[in-house]
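Structure record follows, encoded as C-alpha cells.
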Number of protein chains: 6
Amino acid sequence: MSRPVTMFTGQWADLPLAELARKCRGFGYDGLELACWGDHFEVDKALDQDDYCAKQRAVLEKNNLQVFAISGHLVGQAVLDNIDARHKAILPSYIWGDGNPAEVNARAAEELKNTVRAAKKLGVNIVNGFTGSSIWPLLYSFPPVSSEMIDDGFDLLAERFNPILDVCGECGVKFALEVHPTEIAFDLYSAERTLEALKYRDEFGFNFDPSHLIWQGVDPVEFIRAFPDRIYHVHMKDAIVKLDGRSGILGSHLNFGDPHRGWEFRSLGRGGVNFEEIIRALNTAGYTGPLSVEWEDGGMDRDHGAKEAVDFVKKLDFEPSQVAFDAAFDKEEQPGQ
Amino acid sequence: MSRPVTMFTGQWADLPLAELARKCRGFGYDGLELACWGDHFEVDKALDQDDYCAKQRAVLEKNNLQVFAISGHLVGQAVLDNIDARHKAILPSYIWGDGNPAEVNARAAEELKNTVRAAKKLGVNIVNGFTGSSIWPLLYSFPPVSSEMIDDGFDLLAERFNPILDVCGECGVKFALEVHPTEIAFDLYSAERTLEALKYRDEFGFNFDPSHLIWQGVDPVEFIRAFPDRIYHVHMKDAIVKLDGRSGILGSHLNFGDPHRGWEFRSLGRGGVNFEEIIRALNTAGYTGPLSVEWEDGGMDRDHGAKEAVDFVKKLDFEPSQVAFDAAFDKEEQPGQ
Amino acid sequence: MSRPVTMFTGQWADLPLAELARKCRGFGYDGLELACWGDHFEVDKALDQDDYCAKQRAVLEKNNLQVFAISGHLVGQAVLDNIDARHKAILPSYIWGDGNPAEVNARAAEELKNTVRAAKKLGVNIVNGFTGSSIWPLLYSFPPVSSEMIDDGFDLLAERFNPILDVCGECGVKFALEVHPTEIAFDLYSAERTLEALKYRDEFGFNFDPSHLIWQGVDPVEFIRAFPDRIYHVHMKDAIVKLDGRSGILGSHLNFGDPHRGWEFRSLGRGGVNFEEIIRALNTAGYTGPLSVEWEDGGMDRDHGAKEAVDFVKKLDFEPSQVAFDAAFDKEEQPGQ
Amino acid sequence: MSRPVTMFTGQWADLPLAELARKCRGFGYDGLELACWGDHFEVDKALDQDDYCAKQRAVLEKNNLQVFAISGHLVGQAVLDNIDARHKAILPSYIWGDGNPAEVNARAAEELKNTVRAAKKLGVNIVNGFTGSSIWPLLYSFPPVSSEMIDDGFDLLAERFNPILDVCGECGVKFALEVHPTEIAFDLYSAERTLEALKYRDEFGFNFDPSHLIWQGVDPVEFIRAFPDRIYHVHMKDAIVKLDGRSGILGSHLNFGDPHRGWEFRSLGRGGVNFEEIIRALNTAGYTGPLSVEWEDGGMDRDHGAKEAVDFVKKLDFEPSQVAFDAAFDKEEQPGQ
Amino acid sequence: MSRPVTMFTGQWADLPLAELARKCRGFGYDGLELACWGDHFEVDKALDQDDYCAKQRAVLEKNNLQVFAISGHLVGQAVLDNIDARHKAILPSYIWGDGNPAEVNARAAEELKNTVRAAKKLGVNIVNGFTGSSIWPLLYSFPPVSSEMIDDGFDLLAERFNPILDVCGECGVKFALEVHPTEIAFDLYSAERTLEALKYRDEFGFNFDPSHLIWQGVDPVEFIRAFPDRIYHVHMKDAIVKLDGRSGILGSHLNFGDPHRGWEFRSLGRGGVNFEEIIRALNTAGYTGPLSVEWEDGGMDRDHGAKEAVDFVKKLDFEPSQVAFDAAFDKEEQPGQ
Amino acid sequence: MSRPVTMFTGQWADLPLAELARKCRGFGYDGLELACWGDHFEVDKALDQDDYCAKQRAVLEKNNLQVFAISGHLVGQAVLDNIDARHKAILPSYIWGDGNPAEVNARAAEELKNTVRAAKKLGVNIVNGFTGSSIWPLLYSFPPVSSEMIDDGFDLLAERFNPILDVCGECGVKFALEVHPTEIAFDLYSAERTLEALKYRDEFGFNFDPSHLIWQGVDPVEFIRAFPDRIYHVHMKDAIVKLDGRSGILGSHLNFGDPHRGWEFRSLGRGGVNFEEIIRALNTAGYTGPLSVEWEDGGMDRDHGAKEAVDFVKKLDFEPSQVAFDAAFDKEEQPGQ
C-alpha cells in the first residue's frame, strides 16, 4: 500500500480549517499536516479547552482526512533567532509581548514545549518545525568569523533545545527540524553538526524537504542516505534553479516570484527535484510515514497547483518489491517442476 | 602592449612592504596594489607626514614596481555594517575606539574620505574597497523580509556614501567597490540597484573580481557586459565549485580550506573561472588598467602560488587586433596589386 | 482562466475547412488560426464577397470554435525575397502571374495589404506572417559581405513594409512576424534590428515560435524577455536537436524527417523546447492571447499528433497566482485572529 | 495502427501460465512472449505431445492474447558458456544431467534446435535467446589476452551455432540474440563481429534491448541504425545509471537492488532510456513487430509495474506519418484550387 | 618525427612574401602554405615566367621554410557560385573582367586549372581550395526546395569540376576542398554526397579544417573517421561556440569579432576544438602531411597569435607508438631472460 | 618541498635497468619504482646474492635516482586467479613450472612472501602489487551468482593473503594493492569489502591509481576520502572515456589503442583524470610519498611521453599552505602595529 498523501496547511492559513479541509478532500488528499497558526491548530486552545482537539479532529473526519503531524515552524524560529521586527509579524501577540528579544526567545521556547504537549493531546507523535539560528547572519565568513563564534551557535542550540526535547521524551513525541536556510541546520554538514551538538538524542530528527537542498547543490538522496533513521517526516516540495549568467543563487534581494531570481519554488513536477530517486531512497531507508505536500509557486494559481500536486504524488509513489527477482529463473520455484 | 600585472598586497600584510616588494619583483610582477593595512600604505601617515608617500614610492621604484590603486577594503566594510566583535579584529584601534557601533560607522566613513585624500597624495586615482551592508543578514527572506527593509539598506548606502563620493570628486579619485558577499552589492542585480541608489555618479564603479561571482552562478562576462563603463579596476582571482551532492554552496559554516566545503578560492588557473573570456570581454569594454592578482588558496604554499599566478596572467593576456580580417582578402590591399 | 488553445491550419490545407473544423473540435481545440491558403481563408473572396466572412465564421461556430488571427505567411514571404522558381509553388496564380520578380514582389505587397483589410472584415486584429528577406542568401559572410549589403536589406524592409503597416494602422490590425530562417528576422539580434529599421512602430510585432529558435541556440525565454510588449501571437511548436557528431546543424541539404538531419520539428512535448518556462515567461510578459498549436512531425501520424498536442498544452497552461505568498504567514491575515 | 504490446514472461515463471495470462489481460497487454521455462512453454512437451501447442494457445486465446515469439534464453546460455555451478540452477535436469561441461554444452545445443522446432509447431517464427560465451571471462585484458584467444571464442560460436541456424532455416524460424553481458555479443562492435563470424546468415539477428546498452555507454539508437535489418524482436526494458563518484559501473559485486550499485534496471519510464528516439528509429528501420515489455525493477511491486509499463508503451508508440509535409503548402494539393 | 608545422598565408596577403617569411621563421614555423593571392604565389606569373617558381622558393629557402601546398580558395569560390558584387573584391581583375556571371564562372574554372599546372611547376602536389556552390542560398528549405533543385547543384559540380580534375590527373596533383559553409560540401553528409557526385575520383579529397565543423555540431573526429583516405591536407584552426540564449548559431548578420555572435574563430588553444583527439585520429588515419595553421582571431593581435599557435601545435603533436604495449610484460622480451 | 616523482618501470621491462635509469634521469625523474620483472629487480637474486641489492642501488645512485617501492604485480595476480594459459606469459618459469593451477597459486604466494623479504633487503618498505581474484569471472551476475559464491572469493583472499601479510609484519613492509579490474578490489565498494575481509590489518593498503577508476565512474577523490590512511603509494596514470554512442565501456573485446574502444589509457594531462583535485586530496590525506608515473598510451611514442609526463607532474604538484589566511587581515599580525 502506498503512503498517505497529506497537505501542509501553512501556506493556507488565510482560510479557516473547515473550508480548507473541504477543498483538500476535493483535491484528493488523504490528510492534513496542521500548521499551528491561523485557526488550523491553536496550541493555547488545545491545552486550555478540553474538547478543542476533538473538535479539530471532527472537522478532519467529516472530510475523511487523517492527521499525522502538526507544525510549529514560526514559533520555533523565535527560539534561537536574534529577534527583530520581522518576528513580530509571524508570532502570536502573547509570544511577542513587548518584543524584548531575550524574553521573546524564552516565551517561544515555552510555546514549543506546549506545542509538543498539544501534539500528544491531539494524538500525533511528530512536531515539525524550525529552530532559528543565532549564527545564520555569520553565514559568509567576512569580516572573519572565528570558530568560537560558530561553536557558540551550536552550544546555544543545545542549551535551549534540550529542555524542549525533554518534554518530547515525556510526551512520546519527536521534533522534526525542517533543514532550511536561517535554521541552525541548513545543509548536510550543518545537519551532521546539529545532531552531534544534541548528542544524537532520539527525540530529534528531520522533516526532510528537498526544495531547500537542491539550490544549494545538496543532493536530497545523499541527505536521506546520510541520516536514514532520522527522517521523521517528509515534505514534498519542488524548486528550480534558473541561473542564466545574470541571476545569482543568493537571490539578489529579490522577492520570490521575480523572474530575475536565481532559483524559486515550484509546483510539484514542474521544478528540478528528482522525486523518483527520493521515493526509492525513502523505500531503502524504510520510511513509511506520510508524504506531505508543501505547495508554493509564486507563478501559479494555488488551487490549480494543489490539485496537480496530489495527482503527481499519487502517480509517483509505489510499493517496494516483495519478491527477489532471480526467483523466477530458478527452476525450483517454477510450477512446471 | 599587454596590461601591467600587479599583486594585491592584502593577503601579505604580515610582511613588511620592503620585503614583499623584493619578492614580487622576483616573481615577475609589474606593480603592487597597496592595501591600506599592515605597513603597506598607512592612511594616517600619508596625510600627516609630508614624505611618507615619497618613501613608499621609493620602495616600489627600487624594485621597479608601479602602483595604480590603493585598497581600503577593511575600513570600508565598517561604513555600512552593523558593527560587532568581528570588526574589532580588522580595524585600526583609532577607528574601533570603544566599539560603539554608531561611532565606529562614523569614524570608518571619515577614514574612507581620508583614504581618498591619501590616494590623491600618492598620485593614484583609484581606491578599491568594500562598503559593508546593513541588510546582508536579511539575505534569505525568512522570517519574511519586507520590501521596505531592503529599501532602507540602499537608502543608508546613499546617505553614507554620497559624502565620501563628494570627496572623490574633489580629489579626482574614483571608488571601486569589489562586488562581494556581505557588501551592499554582491551580484549583478544588486550591483544594478547600487548604481541606481547612487544615481549613477561617475565617482562610483566596480573593482571587478570574478571569484565572488562564479559560485553564485553569475557569469563574470555578463557582469562586464552589464557595466562596461564602470569597470574601474580588475582583480584576477580564481575559485572553484565542488558540489558533490553532500557539500552545499552556502558553505555549511565550514572554514575555507575544509575539503567538505562546496566552493573555495584557488590559485589562478586551477579553479573554474574562464579567464580567456574575461580578457576578451575586457578588451571589448575597453578596459586598459592593470590586472591585479589577488592570490588566495588555502591549500597551496603562498610563494609558489604568487609565482605561478603572474606567469599565468602574462601568458593569458594579449593585445586586441588592430587589423580588420577581411583586409587580407581584398585585392586592393595586397602588395601584388 | 487558462488561455484558449487554437490550431494553426497551415499544415492541413489539403483538407477543406469544414472537415478540419470537425476534426479539431473532436480533438479538443478551442479555436483555429486560419491560414490564407487552401480554402481556409481566401483573401480575395473575403474582400469581394459580402457574406464570405460570415460563412467562414459559421463553419467555426457550428463546431464551437473561435478565431483570433489569420496567417499570410506564404504571400508575405514574396514581399522581400529574391523571387525564383520555388515561389511559384506557394503563391496563388494571380500573385505569381508571369513570374517577373519585381512584379511578384509588388503584387505580394498589395495582397498583404488586402490580407490586413480582410482580417478587419473577419473581425480579428492579428495577421501573422513572414516577410521574406533579400539578404538571407548572404547568411554566411563569405565571400566577404560588406556592412552596406546588410544595411540594404533592412532599408528594403522599411521601404516595402511601412506602406503595409500604414494599412494596419487604418484597420486597427497588427502584423506579427514569425521569426524564422529565410525571414528578415531569424534570431534575437536580427529581430532587434528589424524593430529598429521600422522605428518601433506599434503595428509591427512578433508571432513568437520557439521551434525556430532553439536549434540556433537562442533561448526562447530570452526572446520573450527581450520583447515582452511585442509578443502579439504565440505558436506552440516543438523541435529537437540531434547532433551526434555526424549530423550538422545546417541540415546537410537533407529533407525534414531524414534521420541523419541535425535537428527537426517534433510533436509537442516530444522535443527539446522547455514549454514550462515559456508559459511562465508569457505570464510575466502579460500575454493573454491564444496558444496556437503549429503541429509538424515528419515521424508521426498527423491525427495522433494533433490530439496529443492539445492535451499537452491544456495540461501545461495554468493561471498565474493572485495571492502574495507571505500573506498566509502574516498573522493579521489569519482567521484565528 | 500501433504495434502490439506483449509481456515477456521470463520474470514471472513462478506463476502458472493460466494465472499470468489472466493478469496480463487485466493490465492491458495484447500478447505474451512465452519463456521456455516454468510451465509457460515447455519444449519437450511441445515436441512430444500433439496437443500441447494447441492447449497453450487456448490459454492465450481465452484471454484474448497473441503470441509472436518464444524465448530460450537460459538453455542458449549453456551452448557457449564454460559450465559451472551457476548453470545447474537455471537448466532443466534433463539438460544438466551429471553436469559434465562438454555434455551440458552438447545437450543445450540440441535443446535449442528443439526449441526452434517447437516454435514452428506453435506457429511463431522468432526464437529469442542467449548464446553464452566462452570468452566473456577474458573481458578485461589482464593478464594479457591474445587476439587468438578472442578469435577462438568467435570460431566456437560459428562451430556450435551454424548447425542450430541450419535447423532455423529448415523451420522458417529466426534466432534473435539478446545482446547482453555474458553473451558473445554484448555491445555494438561485438555484435558486428558476431554477424561477421556467422557470415551474415539471414537466420541470425537481434532481440533489441536497450537496457543492456545504456549503462555501457552505447546509444540504443546507434545500435538500431547499425543493424536496421537485423532487428528481429524488441524488448522494452529500462535501466538507470546512478554513478555518484563512489559507485562503479561494474557493480562492485553488489546485488541488483542494492542502492550502492552504479546502475540497475527500472520500471519503464522511470529510468534513463530514451524510448522516444527508439520508437522513431524503429519506424525508420521499418520494424513492425511487437514491443515486448521485459519488466524488472528491484525496488517496485511487480504488479504495479506491469500495469504502468503497458500504459507507458501504449502512450509512447505512434503511427509514422503517411503524408509528406510540404503537400499542404503546395497550392496544387489544396481544396480551394 | 613529428609533422612539419606550416602557416597558411591567406590572412597575411597584405604583407609581401619576403617580409612574411622572415616573420614566420622567427615565430618558429617549418614552412608556408602559399595563398594564390597577394604576391605570395601568383599563378599567371608562375606559368608565364620561367624563373618565378625558383624565385619564390628562394625566398622560402633563405628562411629555411618548406612548402607542401598552395591554395586557390578565392578563385575556386567563383567556379560554382552565383556571381554577384561580393566576388569582385576577391578576384583578380583578369578573372572578373566585366563581371558577366557566366563568363566569370568560366574564367575561374580555367584559372583553377592553371593553378594546378602552376603547382606542378612549383613542385607541390596539393592544391587546397573552395568550390563555391550554386545551391547554398537554398540552405534552409523554405520556400520549399525540391530534391531536383539540390540534385542540380551536385550535377553542376560534376560538370564543372571533372575537367579541372582531369588536369589534376595529368599533373599528378590533388585538389583538396576545404569543407566550409558556402561550398558544395559544408558538413559530413554533404561531403559524402560530393564524393559520390564526382564518382570518388582519386584526384579529389579534403583539406580538413575543424573550425568550420564544430559550430555546426559536426564532430571533427567523426569526419576523419568517415573519410580517412581523403584527408589530403590539414588546417589547424580553432573556433568557439558561445551561445548564451541571446546569440544564435547563424550569426545574426553580425561581423566576426562582435561579442554578440553565437560563434567565432579563435587563436589555437583558446577555442573549443579538441585538437588532442584530432591528432590521434590523424595518426589512426595515417596522415603524415603538414599541420597548417590558419590563424584567425578577431580579438587578438596577429603576431602574438601566430607565435602562440606554432608553439601550441608543436607541443601538441607527437609521434605514434612503435611498440606494442604488452611486449614489456612478456618475459620472452625481457633482458633478464 | 614537493613530492619526488618516480617512474614505474613495468612498461619498460624490455630495456635493461642501466639503460632505463640513464634515460629517466635525462627526462628529469627523481627516482624509479622497480618492477620485479625484466632485470629491474629480480627477487630470487636479491635473496640469493648478497651484493645484488647493492648493485641495483648503485645503478640508481650513479644516475642520482631514488627508490621508494618495488612492484610485484605479475606474481601477485597468480595468487588468487584461476590459472590459465595467459599466466604462463607473465610468470617466471620457476613459478609456472608445469602449470598445475593449484601449484602455481602456491608458488606465487611463496614468491610474494619472498618479494616482501627482498624489499626489506633493498631497504624499501612498500611492495605494490595485484592479488588476482577467483570471482572476477562472476562480474556480471548472469547466470545468477549467489551471495555465497562472492563470499567464497573474499574468504579465499583472507586464507591466502594473511600468511603473506604476516611476513610483511615481520619485515616492516606494507603491501599496496593497485585497485584494478581482475583484482579482488576493483572499485570503492569492493575495496571496502577487501579491507573488511582482511580485518583492516595495517600491513595492507592501496597503491592508488586513478586511471582504473574513472572509466568505471568512480571519482578518484572519493576513493582517497574513503581510505585516507590506506593510501600507501600513488600511481600517476591518465585515462580517457570516449563513449560516442557506438563504443562501449566494456571494451568490445578490442585491444587498447583501437580507436573504437570506449576508453583507453593516456599520457598524463591528455586524458580525463583531474589530477589537480587528486593532489589536493592527497595533501588533505597527508600523503607524503612519491608520485610514481605509470606511463601507458597506445597512441604515442614512449620516450616523448615519459618526458612530458614528468614535466606535467612537477608543474602540478605543490606544497600545502603553512599559513592560515586570515592572519594577514588581523591587525595583530601586521608589521605596522
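Residue numbers start at 1 in each chain; chains themselves are named A, B, ... in the order of the C-alpha cells; ligands are numbered from 1 in the order shown.
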
Using backbone DSSP assignments, extract all alpha helix (DSSP H) residues from segment 22-258 of chain E; output them as a PyMOL selection string.
chain E and resi 22-27+43-48+52-62+73-80+85-88+93-96+101-122+147-171+188-197+220-226

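With the cut-off set to 7 Å and only C-alpha atoms counted, chain C residues close to chain E are C:Arg86, C:His87, C:Pro137, C:Leu139, C:Tyr140, C:Phe142, C:Pro143, C:Pro144, C:Val145, C:Pro181, C:Thr182, C:Asp187, C:Leu188, C:Tyr189, C:Ser190, C:Gln216, C:Gly217, C:Val218, C:Asp219, C:Glu222, C:Leu243, C:Gly245, C:Arg246, C:Ser247, C:Gly248, C:Ile249, C:Leu250, C:Ser252, C:His253.
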
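Computed from the coordinates, the atom CA of Leu157 of chain F to atom CA of Val79 of chain F distance equals 8.9 Å.
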
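Minimum atom-to-atom distance to Val234 of chain C, evaluated using only C-alpha atoms, belongs to C:Pro4 out of C:Gly123, C:Gly298, C:Pro4, C:Gly169.
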
What are the DSSP strand (DSSP E or B) residues of segment 256-306 of chain F, as number ranges by chain?
F: 263-266, 291-293

Could you write those residues out with all heavy atoms, as a PDB file, in the first residue's frame?
```pdb
ATOM      1  N   TRP F 263      37.118   3.389 -23.943  1.00  0.00           N
ATOM      2  CA  TRP F 263      38.055   4.119 -23.071  1.00  0.00           C
ATOM      3  C   TRP F 263      39.451   3.583 -23.307  1.00  0.00           C
ATOM      4  O   TRP F 263      39.616   2.467 -23.771  1.00  0.00           O
ATOM      5  CB  TRP F 263      37.658   3.996 -21.597  1.00  0.00           C
ATOM      6  CG  TRP F 263      37.858   2.627 -21.031  1.00  0.00           C
ATOM      7  CD1 TRP F 263      36.982   1.589 -21.059  1.00  0.00           C
ATOM      8  CD2 TRP F 263      39.036   2.138 -20.364  1.00  0.00           C
ATOM      9  NE1 TRP F 263      37.516   0.484 -20.455  1.00  0.00           N
ATOM     10  CE2 TRP F 263      38.769   0.801 -20.011  1.00  0.00           C
ATOM     11  CE3 TRP F 263      40.258   2.706 -20.020  1.00  0.00           C
ATOM     12  CZ2 TRP F 263      39.706   0.007 -19.339  1.00  0.00           C
ATOM     13  CZ3 TRP F 263      41.203   1.928 -19.352  1.00  0.00           C
ATOM     14  CH2 TRP F 263      40.908   0.584 -19.011  1.00  0.00           C
ATOM     15  N   GLU F 264      40.453   4.371 -22.971  1.00  0.00           N
ATOM     16  CA  GLU F 264      41.827   3.870 -23.013  1.00  0.00           C
ATOM     17  C   GLU F 264      42.744   4.712 -22.132  1.00  0.00           C
ATOM     18  O   GLU F 264      42.365   5.756 -21.639  1.00  0.00           O
ATOM     19  CB  GLU F 264      42.350   3.783 -24.445  1.00  0.00           C
ATOM     20  CG  GLU F 264      42.244   5.042 -25.239  1.00  0.00           C
ATOM     21  CD  GLU F 264      42.699   4.822 -26.700  1.00  0.00           C
ATOM     22  OE1 GLU F 264      43.271   3.773 -27.019  1.00  0.00           O
ATOM     23  OE2 GLU F 264      42.486   5.742 -27.506  1.00  0.00           O
ATOM     24  N   PHE F 265      43.966   4.216 -21.961  1.00  0.00           N
ATOM     25  CA  PHE F 265      44.945   4.945 -21.161  1.00  0.00           C
ATOM     26  C   PHE F 265      45.526   6.076 -21.990  1.00  0.00           C
ATOM     27  O   PHE F 265      45.557   6.022 -23.220  1.00  0.00           O
ATOM     28  CB  PHE F 265      46.048   4.006 -20.671  1.00  0.00           C
ATOM     29  CG  PHE F 265      45.532   2.951 -19.739  1.00  0.00           C
ATOM     30  CD1 PHE F 265      45.571   1.603 -20.082  1.00  0.00           C
ATOM     31  CD2 PHE F 265      44.975   3.305 -18.515  1.00  0.00           C
ATOM     32  CE1 PHE F 265      45.071   0.630 -19.226  1.00  0.00           C
ATOM     33  CE2 PHE F 265      44.459   2.329 -17.652  1.00  0.00           C
ATOM     34  CZ  PHE F 265      44.519   1.005 -18.012  1.00  0.00           C
ATOM     35  N   ARG F 266      46.017   7.093 -21.309  1.00  0.00           N
ATOM     36  CA  ARG F 266      46.547   8.261 -21.981  1.00  0.00           C
ATOM     37  C   ARG F 266      47.803   8.791 -21.282  1.00  0.00           C
ATOM     38  O   ARG F 266      47.914   8.688 -20.049  1.00  0.00           O
ATOM     39  CB  ARG F 266      45.500   9.396 -21.968  1.00  0.00           C
ATOM     40  CG  ARG F 266      44.465   9.273 -23.052  1.00  0.00           C
ATOM     41  CD  ARG F 266      45.069   9.644 -24.385  1.00  0.00           C
ATOM     42  NE  ARG F 266      44.206   9.327 -25.500  1.00  0.00           N
ATOM     43  CZ  ARG F 266      43.286  10.153 -25.998  1.00  0.00           C
ATOM     44  NH1 ARG F 266      43.132  11.344 -25.470  1.00  0.00           N
ATOM     45  NH2 ARG F 266      42.560   9.793 -27.027  1.00  0.00           N
ATOM     46  N   LEU F 291      55.181  10.389  -6.132  1.00  0.00           N
ATOM     47  CA  LEU F 291      54.178  10.325  -7.188  1.00  0.00           C
ATOM     48  C   LEU F 291      54.816   9.546  -8.322  1.00  0.00           C
ATOM     49  O   LEU F 291      55.776  10.016  -8.932  1.00  0.00           O
ATOM     50  CB  LEU F 291      53.804  11.736  -7.641  1.00  0.00           C
ATOM     51  CG  LEU F 291      53.231  12.632  -6.547  1.00  0.00           C
ATOM     52  CD1 LEU F 291      53.007  14.050  -7.076  1.00  0.00           C
ATOM     53  CD2 LEU F 291      51.920  12.069  -5.991  1.00  0.00           C
ATOM     54  N   SER F 292      54.318   8.359  -8.572  1.00  0.00           N
ATOM     55  CA  SER F 292      55.007   7.460  -9.483  1.00  0.00           C
ATOM     56  C   SER F 292      54.258   7.391 -10.818  1.00  0.00           C
ATOM     57  O   SER F 292      53.130   6.919 -10.876  1.00  0.00           O
ATOM     58  CB  SER F 292      55.111   6.074  -8.849  1.00  0.00           C
ATOM     59  OG  SER F 292      56.015   5.272  -9.581  1.00  0.00           O
ATOM     60  N   VAL F 293      54.901   7.898 -11.849  1.00  0.00           N
ATOM     61  CA  VAL F 293      54.289   7.909 -13.173  1.00  0.00           C
ATOM     62  C   VAL F 293      54.213   6.492 -13.727  1.00  0.00           C
ATOM     63  O   VAL F 293      55.241   5.814 -13.843  1.00  0.00           O
ATOM     64  CB  VAL F 293      55.119   8.791 -14.134  1.00  0.00           C
ATOM     65  CG1 VAL F 293      54.634   8.632 -15.571  1.00  0.00           C
ATOM     66  CG2 VAL F 293      55.061  10.253 -13.689  1.00  0.00           C
TER      67      VAL F 293
END
```

Q) Which polymer residues have any atom within 10 Å of an atom of Thr9 of chain C, counting only C-alpha atoms, with same-chain residues fewer than 2 positions away left out, as a list in words? A) Thr6, Met7, Gln11, Trp12, Ala13, Asp14, Leu15, Leu17, Leu20, Ala21, Cys24, Leu32, Glu33, Leu34, Ala35, Cys36, Trp37, Gly38, His40, Phe41, Ile70, Ser71, Ser292, Val293, Glu294 and Trp295 of chain C; Ala328 of chain D

Go ahead and save the picked residues with N, CA and C atoms, as a tab-separated table (two decimals), in the first residue's frame.
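File produced: part_13.tsv:
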```tsv
chain	number	residue	atom	x	y	z
C	6	THR	N	-5.62	27.07	-29.80
C	6	THR	CA	-6.08	27.01	-31.19
C	6	THR	C	-5.14	26.14	-32.02
C	7	MET	N	-5.60	25.76	-33.20
C	7	MET	CA	-4.78	25.00	-34.15
C	7	MET	C	-4.48	25.91	-35.35
C	11	GLN	N	-0.71	23.57	-42.00
C	11	GLN	CA	-0.23	22.25	-42.43
C	11	GLN	C	-1.38	21.30	-42.79
C	12	TRP	N	-2.61	21.81	-42.79
C	12	TRP	CA	-3.79	20.98	-43.08
C	12	TRP	C	-4.55	21.52	-44.28
C	13	ALA	N	-3.85	22.30	-45.13
C	13	ALA	CA	-4.55	22.98	-46.22
C	13	ALA	C	-5.07	22.02	-47.28
C	14	ASP	N	-4.66	20.75	-47.23
C	14	ASP	CA	-5.22	19.76	-48.14
C	14	ASP	C	-6.62	19.33	-47.72
C	15	LEU	N	-7.05	19.69	-46.53
C	15	LEU	CA	-8.42	19.36	-46.09
C	15	LEU	C	-9.30	20.59	-46.19
C	17	LEU	N	-11.99	23.29	-44.99
C	17	LEU	CA	-12.16	23.84	-43.65
C	17	LEU	C	-13.24	23.11	-42.86
C	20	LEU	N	-11.85	19.95	-41.48
C	20	LEU	CA	-10.81	20.20	-40.48
C	20	LEU	C	-11.42	20.71	-39.18
C	21	ALA	N	-12.42	21.58	-39.29
C	21	ALA	CA	-13.04	22.14	-38.08
C	21	ALA	C	-13.68	21.03	-37.26
C	24	CYS	N	-10.92	19.13	-35.47
C	24	CYS	CA	-10.26	19.87	-34.39
C	24	CYS	C	-11.15	19.96	-33.16
C	32	LEU	N	-9.40	28.04	-34.17
C	32	LEU	CA	-8.47	27.84	-35.28
C	32	LEU	C	-7.79	29.17	-35.60
C	33	GLU	N	-6.52	29.06	-35.99
C	33	GLU	CA	-5.81	30.19	-36.59
C	33	GLU	C	-5.81	29.89	-38.08
C	34	LEU	N	-6.57	30.68	-38.85
C	34	LEU	CA	-6.83	30.32	-40.25
C	34	LEU	C	-5.70	30.73	-41.17
C	35	ALA	N	-5.21	29.75	-41.94
C	35	ALA	CA	-4.22	30.04	-42.97
C	35	ALA	C	-4.92	30.67	-44.17
C	36	CYS	N	-4.23	31.62	-44.82
C	36	CYS	CA	-4.80	32.23	-46.02
C	36	CYS	C	-4.41	31.44	-47.27
C	37	TRP	N	-4.49	30.15	-47.17
C	37	TRP	CA	-4.30	29.32	-48.36
C	37	TRP	C	-5.22	28.11	-48.23
C	38	GLY	N	-5.28	27.26	-49.23
C	38	GLY	CA	-6.36	26.27	-49.26
C	38	GLY	C	-7.67	27.06	-49.27
C	40	HIS	N	-9.23	27.77	-46.47
C	40	HIS	CA	-9.46	28.13	-45.07
C	40	HIS	C	-9.85	29.59	-44.92
C	41	PHE	N	-9.07	30.46	-45.52
C	41	PHE	CA	-9.47	31.87	-45.54
C	41	PHE	C	-8.89	32.50	-46.80
C	70	ILE	N	-5.47	35.46	-38.40
C	70	ILE	CA	-5.30	34.77	-39.69
C	70	ILE	C	-3.83	34.88	-40.08
C	71	SER	N	-3.41	34.02	-41.01
C	71	SER	CA	-1.99	33.93	-41.30
C	71	SER	C	-1.69	34.03	-42.79
C	292	SER	N	-1.36	28.84	-29.96
C	292	SER	CA	-1.78	28.23	-31.21
C	292	SER	C	-0.81	27.12	-31.61
C	293	VAL	N	-1.33	25.91	-31.59
C	293	VAL	CA	-0.51	24.75	-31.93
C	293	VAL	C	-0.16	24.76	-33.41
C	294	GLU	N	1.15	24.78	-33.71
C	294	GLU	CA	1.55	24.51	-35.09
C	294	GLU	C	2.18	23.13	-35.06
C	295	TRP	N	1.47	22.20	-35.61
C	295	TRP	CA	1.90	20.82	-35.47
C	295	TRP	C	2.66	20.35	-36.70
D	328	ALA	N	0.87	20.25	-47.99
D	328	ALA	CA	-0.12	21.22	-47.56
D	328	ALA	C	0.20	22.64	-48.03
```

A straight line from atom CA of Gly305 of chain E to atom CA of Tyr287 of chain B spans 20.4 Å
